[in-house]
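Asker: For reference, the file upload.pdb (PDB, C-alpha atoms and all ligand atoms) is included below:
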ATOM      1  CA  MET I   1      34.155  24.055  50.944
ATOM      2  CA  LEU I   2      34.519  25.029  54.583
ATOM      3  CA  THR I   3      32.021  23.407  56.930
ATOM      4  CA  GLU I   4      30.607  24.951  60.044
ATOM      5  CA  GLU I   5      30.798  23.237  63.394
ATOM      6  CA  ARG I   6      29.736  23.977  66.947
ATOM      7  CA  THR I   7      31.831  23.648  70.077
ATOM      8  CA  PHE I   8      31.230  23.804  73.808
ATOM      9  CA  ILE I   9      33.416  26.252  75.732
ATOM     10  CA  ALA I  10      33.238  26.966  79.460
ATOM     11  CA  VAL I  11      34.952  29.449  81.718
ATOM     12  CA  LYS I  12      35.770  27.201  84.678
ATOM     13  CA  PRO I  13      35.136  28.273  88.306
ATOM     14  CA  ASP I  14      38.667  29.656  88.771
ATOM     15  CA  GLY I  15      38.246  31.811  85.664
ATOM     16  CA  VAL I  16      34.921  33.162  86.920
ATOM     17  CA  LYS I  17      36.303  33.872  90.412
ATOM     18  CA  ARG I  18      39.335  35.645  88.958
ATOM     19  CA  GLY I  19      37.172  37.935  86.829
ATOM     20  CA  LEU I  20      38.348  36.529  83.496
ATOM     21  CA  VAL I  21      34.960  35.929  81.847
ATOM     22  CA  GLY I  22      35.077  39.000  79.604
ATOM     23  CA  GLU I  23      38.706  38.375  78.633
ATOM     24  CA  ILE I  24      37.993  34.756  77.669
ATOM     25  CA  VAL I  25      34.784  35.546  75.751
ATOM     26  CA  ASN I  26      36.685  38.279  73.921
ATOM     27  CA  ARG I  27      39.328  35.852  72.624
ATOM     28  CA  PHE I  28      36.700  33.796  70.770
ATOM     29  CA  GLU I  29      34.554  36.751  69.755
ATOM     30  CA  ARG I  30      37.344  38.728  68.120
ATOM     31  CA  LYS I  31      38.501  35.657  66.198
ATOM     32  CA  GLY I  32      35.170  35.764  64.359
ATOM     33  CA  TYR I  33      33.327  32.819  65.878
ATOM     34  CA  LYS I  34      29.600  33.183  66.384
ATOM     35  CA  LEU I  35      28.291  33.044  69.949
ATOM     36  CA  ILE I  36      25.010  31.121  69.917
ATOM     37  CA  ALA I  37      24.489  30.426  73.650
ATOM     38  CA  LEU I  38      25.859  31.635  76.985
ATOM     39  CA  LYS I  39      24.769  31.125  80.588
ATOM     40  CA  MET I  40      26.164  31.006  84.106
ATOM     41  CA  LEU I  41      25.324  27.935  86.156
ATOM     42  CA  ASP I  42      26.387  25.704  89.017
ATOM     43  CA  VAL I  43      27.470  22.312  87.690
ATOM     44  CA  THR I  44      25.580  19.470  89.400
ATOM     45  CA  PRO I  45      27.335  16.212  90.368
ATOM     46  CA  GLU I  46      25.470  14.460  87.530
ATOM     47  CA  MET I  47      26.584  17.040  84.955
ATOM     48  CA  ALA I  48      30.185  16.838  86.217
ATOM     49  CA  LYS I  49      30.230  13.044  85.868
ATOM     50  CA  GLN I  50      28.690  13.149  82.394
ATOM     51  CA  HIS I  51      31.062  15.857  81.247
ATOM     52  CA  TYR I  52      34.255  14.203  82.493
ATOM     53  CA  GLY I  53      33.266  10.523  82.168
ATOM     54  CA  GLU I  54      36.298   9.833  79.949
ATOM     55  CA  HIS I  55      38.604  10.636  82.885
ATOM     56  CA  GLU I  56      36.920   8.374  85.454
ATOM     57  CA  GLY I  57      39.526   6.218  87.202
ATOM     58  CA  LYS I  58      42.429   8.588  86.584
ATOM     59  CA  PRO I  59      44.261   9.917  89.687
ATOM     60  CA  PHE I  60      43.141  13.506  89.095
ATOM     61  CA  TYR I  61      39.451  12.598  88.488
ATOM     62  CA  PRO I  62      38.096  13.226  92.036
ATOM     63  CA  ARG I  63      39.762  16.645  92.191
ATOM     64  CA  LEU I  64      38.555  17.487  88.692
ATOM     65  CA  ILE I  65      34.951  16.696  89.656
ATOM     66  CA  GLU I  66      35.354  18.825  92.792
ATOM     67  CA  TYR I  67      37.001  21.665  90.836
ATOM     68  CA  ILE I  68      34.288  21.977  88.197
ATOM     69  CA  GLN I  69      31.702  22.251  91.007
ATOM     70  CA  SER I  70      33.713  24.696  93.135
ATOM     71  CA  GLY I  71      31.784  27.728  91.853
ATOM     72  CA  PRO I  72      29.671  28.756  88.887
ATOM     73  CA  ILE I  73      30.889  28.244  85.338
ATOM     74  CA  VAL I  74      30.036  30.271  82.251
ATOM     75  CA  ALA I  75      28.898  27.796  79.609
ATOM     76  CA  MET I  76      28.915  28.764  75.951
ATOM     77  CA  VAL I  77      28.298  27.403  72.485
ATOM     78  CA  TRP I  78      30.340  28.861  69.645
ATOM     79  CA  LYS I  79      29.839  28.193  65.956
ATOM     80  CA  GLY I  80      32.183  28.659  63.020
ATOM     81  CA  TYR I  81      34.481  27.164  60.426
ATOM     82  CA  ASP I  82      36.669  24.467  62.013
ATOM     83  CA  VAL I  83      35.767  25.927  65.419
ATOM     84  CA  VAL I  84      36.581  22.809  67.487
ATOM     85  CA  LYS I  85      40.243  22.858  66.462
ATOM     86  CA  GLY I  86      40.453  26.646  66.293
ATOM     87  CA  ALA I  87      39.044  27.115  69.786
ATOM     88  CA  ARG I  88      41.513  24.559  71.195
ATOM     89  CA  ALA I  89      44.319  26.547  69.558
ATOM     90  CA  ILE I  90      43.070  29.736  71.237
ATOM     91  CA  MET I  91      42.902  27.911  74.611
ATOM     92  CA  GLY I  92      46.347  26.310  74.446
ATOM     93  CA  SER I  93      47.583  23.011  75.889
ATOM     94  CA  THR I  94      46.119  21.539  79.086
ATOM     95  CA  CYS I  95      49.271  22.402  81.045
ATOM     96  CA  PRO I  96      49.705  26.202  80.991
ATOM     97  CA  ASN I  97      53.504  25.998  80.990
ATOM     98  CA  GLU I  98      53.416  23.846  77.853
ATOM     99  CA  ALA I  99      50.857  26.079  76.154
ATOM    100  CA  GLN I 100      51.966  28.446  73.427
ATOM    101  CA  VAL I 101      52.424  32.038  74.588
ATOM    102  CA  GLY I 102      49.434  34.079  73.478
ATOM    103  CA  THR I 103      46.927  31.355  74.288
ATOM    104  CA  ILE I 104      44.422  31.713  77.129
ATOM    105  CA  ARG I 105      46.051  29.083  79.312
ATOM    106  CA  ALA I 106      49.623  30.295  78.738
ATOM    107  CA  ASP I 107      48.653  33.896  79.391
ATOM    108  CA  LEU I 108      46.154  33.502  82.228
ATOM    109  CA  ALA I 109      46.770  30.226  84.082
ATOM    110  CA  LEU I 110      49.558  28.728  86.202
ATOM    111  CA  VAL I 111      48.774  25.019  86.632
ATOM    112  CA  LYS I 112      46.758  22.340  84.807
ATOM    113  CA  GLU I 113      44.578  21.782  87.890
ATOM    114  CA  TYR I 114      43.245  25.344  87.463
ATOM    115  CA  ASN I 115      43.479  26.117  83.778
ATOM    116  CA  VAL I 116      40.499  28.531  83.557
ATOM    117  CA  VAL I 117      38.812  27.251  80.397
ATOM    118  CA  HIS I 118      37.303  24.112  78.874
ATOM    119  CA  GLY I 119      36.840  23.378  75.168
ATOM    120  CA  SER I 120      35.541  20.276  73.391
ATOM    121  CA  ASP I 121      38.195  18.072  71.762
ATOM    122  CA  SER I 122      36.140  16.772  68.789
ATOM    123  CA  ILE I 123      32.884  17.418  66.936
ATOM    124  CA  GLU I 124      31.360  14.369  68.665
ATOM    125  CA  SER I 125      32.432  15.553  72.142
ATOM    126  CA  ALA I 126      31.109  19.017  71.328
ATOM    127  CA  GLU I 127      27.618  17.774  70.491
ATOM    128  CA  ARG I 128      27.611  15.532  73.586
ATOM    129  CA  GLU I 129      28.778  18.348  75.879
ATOM    130  CA  ILE I 130      26.351  20.894  74.380
ATOM    131  CA  SER I 131      23.480  18.515  75.175
ATOM    132  CA  ILE I 132      24.623  18.220  78.826
ATOM    133  CA  TYR I 133      24.469  21.971  79.362
ATOM    134  CA  PHE I 134      21.884  23.311  76.911
ATOM    135  CA  ASN I 135      18.437  22.544  75.560
ATOM    136  CA  GLN I 136      18.000  22.966  71.822
ATOM    137  CA  ASP I 137      15.717  25.990  72.345
ATOM    138  CA  GLU I 138      18.506  27.843  74.189
ATOM    139  CA  LEU I 139      20.663  28.035  71.055
ATOM    140  CA  CYS I 140      20.267  31.374  69.230
ATOM    141  CA  ASP I 141      21.565  30.834  65.727
ATOM    142  CA  GLU I 142      19.164  33.102  63.836
ATOM    143  CA  TYR I 143      21.379  36.120  63.371
ATOM    144  CA  ASP I 144      24.173  37.097  61.020
ATOM    145  CA  ASN I 145      27.792  36.875  62.072
ATOM    146  CA  MET I 146      30.005  39.460  60.367
ATOM    147  CA  ALA I 147      33.015  37.158  59.938
ATOM    148  CA  GLU I 148      30.853  34.573  58.154
ATOM    149  CA  ILE I 149      29.433  37.249  55.872
ATOM    150  CA  VAL I 150      32.932  38.406  54.915
ATOM    151  CA  ILE I 151      34.060  34.841  54.201
ATOM    152  CA  LYS I 152      30.985  34.187  52.037
ATOM    153  CA  ASP I 153      31.581  37.482  50.185
ATOM    154  CA  LEU I 154      35.116  36.317  49.401
ATOM    155  CA  GLY I 155      33.672  33.122  47.920
ATOM    156  CA  CYS I 156      35.521  30.650  50.155
TER
HETATM  157  P1  LIG H   1      41.691  19.491  78.258
HETATM  158  O1  LIG H   1      40.882  20.323  79.220
HETATM  159  O2  LIG H   1      42.874  20.258  77.720
HETATM  160  O3  LIG H   1      40.871  18.840  77.179
HETATM  161  P2  LIG H   1      41.861  16.871  79.504
HETATM  162  O4  LIG H   1      43.003  15.924  79.353
HETATM  163  O5  LIG H   1      40.581  16.535  78.821
HETATM  164  O6  LIG H   1      42.373  18.328  79.104
HETATM  165  O7  LIG H   1      41.598  17.012  81.070
HETATM  166  C1  LIG H   1      40.444  17.673  81.551
HETATM  167  C2  LIG H   1      40.863  18.600  82.668
HETATM  168  O8  LIG H   1      41.338  17.802  83.753
HETATM  169  C3  LIG H   1      42.003  19.537  82.336
HETATM  170  O9  LIG H   1      41.609  20.727  81.688
HETATM  171  C4  LIG H   1      42.565  19.814  83.708
HETATM  172  O10 LIG H   1      41.793  20.789  84.390
HETATM  173  C5  LIG H   1      42.404  18.479  84.391
HETATM  174  N1  LIG H   1      43.610  17.636  84.265
HETATM  175  C6  LIG H   1      44.043  16.976  83.179
HETATM  176  N2  LIG H   1      45.171  16.304  83.397
HETATM  177  C7  LIG H   1      45.465  16.525  84.703
HETATM  178  C8  LIG H   1      46.538  16.078  85.551
HETATM  179  O11 LIG H   1      47.433  15.344  85.160
HETATM  180  N3  LIG H   1      46.488  16.534  86.835
HETATM  181  C9  LIG H   1      45.507  17.338  87.299
HETATM  182  N4  LIG H   1      44.487  17.780  86.534
HETATM  183  C10 LIG H   1      44.472  17.379  85.252
HETATM  184 MG    MG H   2      39.417  17.337  77.320
END
What is this file in structure tokens?
Ligand code: IDP
Ligand code: MG

Answerer:
Amino acid sequence: MLTEERTFIAVKPDGVKRGLVGEIVNRFERKGYKLIALKMLDVTPEMAKQHYGEHEGKPFYPRLIEYIQSGPIVAMVWKGYDVVKGARAIMGSTCPNEAQVGTIRADLALVKEYNVVHGSDSIESAEREISIYFNQDELCDEYDNMAEIVIKDLGC
């Protein structure tokens, strides 16, 4: 039986400034994932540190913290079957030149320092990241998603 998960996806400040929000949302939407939350916000220093705590001490950490606060982000929660892994596949590898052609980062980004999109790397990270950016009452899960209906109809 397929199980449903949630993941945290964000269009990073470079993606917002370059006008790529619609393009990036579209990649996840057309796959069939269910959008259950979306908002634009300025990341605070506290949020940035919580989000990227795992990278503290690495050479690129100070620039990463600066980058994620360099303009508004578009924060989202997506739900679906195996969505954590599937969303990472749609995003592509961290370094755009190593990412598979057809992925967001391969198609839309040049360097890993400005790779336009974030996506959680595990179910545990997803739940932690969702709680940094959203309150429970901001998640809108009470509607039907067509892709889920089709899958249920097929009896998977
Ligand atoms: P991910 O975003 O693909 O999960 P992580 O390794 O978690 O990649 O790194 C978080 C973010 O930090 C990356 O998306 C990228 O923006 C930045 N980053 C990662 N590695 C480097 C690096 O070696 N140099 C500069 N920036 C990096
Ligand atoms: Mg990561």

Asker: If we count all atoms listed in the file, what is near segment 100-108 of chain I at a cut-off of 9 Å, once residues fewer than 2 positions away on the same chain are taken out, given as an mmCIF file with C-alpha atoms, keeping the file's coordinate frame?

Answerer:
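The result, stored in result-v7.cif:
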data_model
loop_
_atom_site.group_PDB
_atom_site.id
_atom_site.type_symbol
_atom_site.label_atom_id
_atom_site.label_comp_id
_atom_site.auth_asym_id
_atom_site.auth_seq_id
_atom_site.Cartn_x
_atom_site.Cartn_y
_atom_site.Cartn_z
ATOM 1 C CA GLY I 15 38.246 31.811 85.664
ATOM 2 C CA LEU I 20 38.348 36.529 83.496
ATOM 3 C CA GLU I 23 38.706 38.375 78.633
ATOM 4 C CA ILE I 24 37.993 34.756 77.669
ATOM 5 C CA ARG I 27 39.328 35.852 72.624
ATOM 6 C CA ALA I 89 44.319 26.547 69.558
ATOM 7 C CA ILE I 90 43.070 29.736 71.237
ATOM 8 C CA MET I 91 42.902 27.911 74.611
ATOM 9 C CA GLY I 92 46.347 26.310 74.446
ATOM 10 C CA SER I 93 47.583 23.011 75.889
ATOM 11 C CA THR I 94 46.119 21.539 79.086
ATOM 12 C CA CYS I 95 49.271 22.402 81.045
ATOM 13 C CA PRO I 96 49.705 26.202 80.991
ATOM 14 C CA ASN I 97 53.504 25.998 80.990
ATOM 15 C CA GLU I 98 53.416 23.846 77.853
ATOM 16 C CA LEU I 110 49.558 28.728 86.202
ATOM 17 C CA VAL I 111 48.774 25.019 86.632
ATOM 18 C CA LYS I 112 46.758 22.340 84.807
ATOM 19 C CA ASN I 115 43.479 26.117 83.778
ATOM 20 C CA VAL I 116 40.499 28.531 83.557
ATOM 21 C CA VAL I 117 38.812 27.251 80.397
#

Asker: Just so the selection is clear, what residues does the PyMOL selection byres (((chain I and resi 61-71) around 10) and not hetatm) cover here, as number ranges by chain?

Answerer: I: 11-17, 41-49, 51-60, 72-73, 113-114

Asker: Quick one, how far is atom CA of Ile36 of chain I from atom CA of Arg88 of chain I?

Answerer: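 Computing the Euclidean distance for atom CA of Ile36 of chain I and atom CA of Arg88 of chain I yields 17.8 Å.
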
Asker: Determine the nearest neighbour of ligand MG 2 (chain H) from the options I:Val84, I:Ile151, I:Ala37, I:Ala75, counting all atoms listed in the file.

Answerer: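 Using all atoms listed in the file, the shortest distance to ligand MG 2 (chain H) belongs to I:Val84.
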
Asker: Per residue of chain I within 8 Å of ligand MG 2 (chain H), which atom pair is closest and at what distance in Å (one decimal), using only C-alpha atoms and all ligand atoms, listed by chain and increasing number, as a tab-separated table?

Answerer:
residue	atom	partner	partner_atom	distance
I:Tyr52	CA	H:MG2	MG	8.0
I:His118	CA	H:MG2	MG	7.3
I:Gly119	CA	H:MG2	MG	6.9
I:Ser120	CA	H:MG2	MG	6.3
I:Asp121	CA	H:MG2	MG	5.7

Asker: If you measure from atom CA of Val150 of chain I to atom CA of Phe28 of chain I, what distance in Å do you get, rounded to one decimal?

Answerer: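 Taking atom CA of Val150 of chain I as the start and atom CA of Phe28 of chain I as the end point, the length is 16.9 Å.
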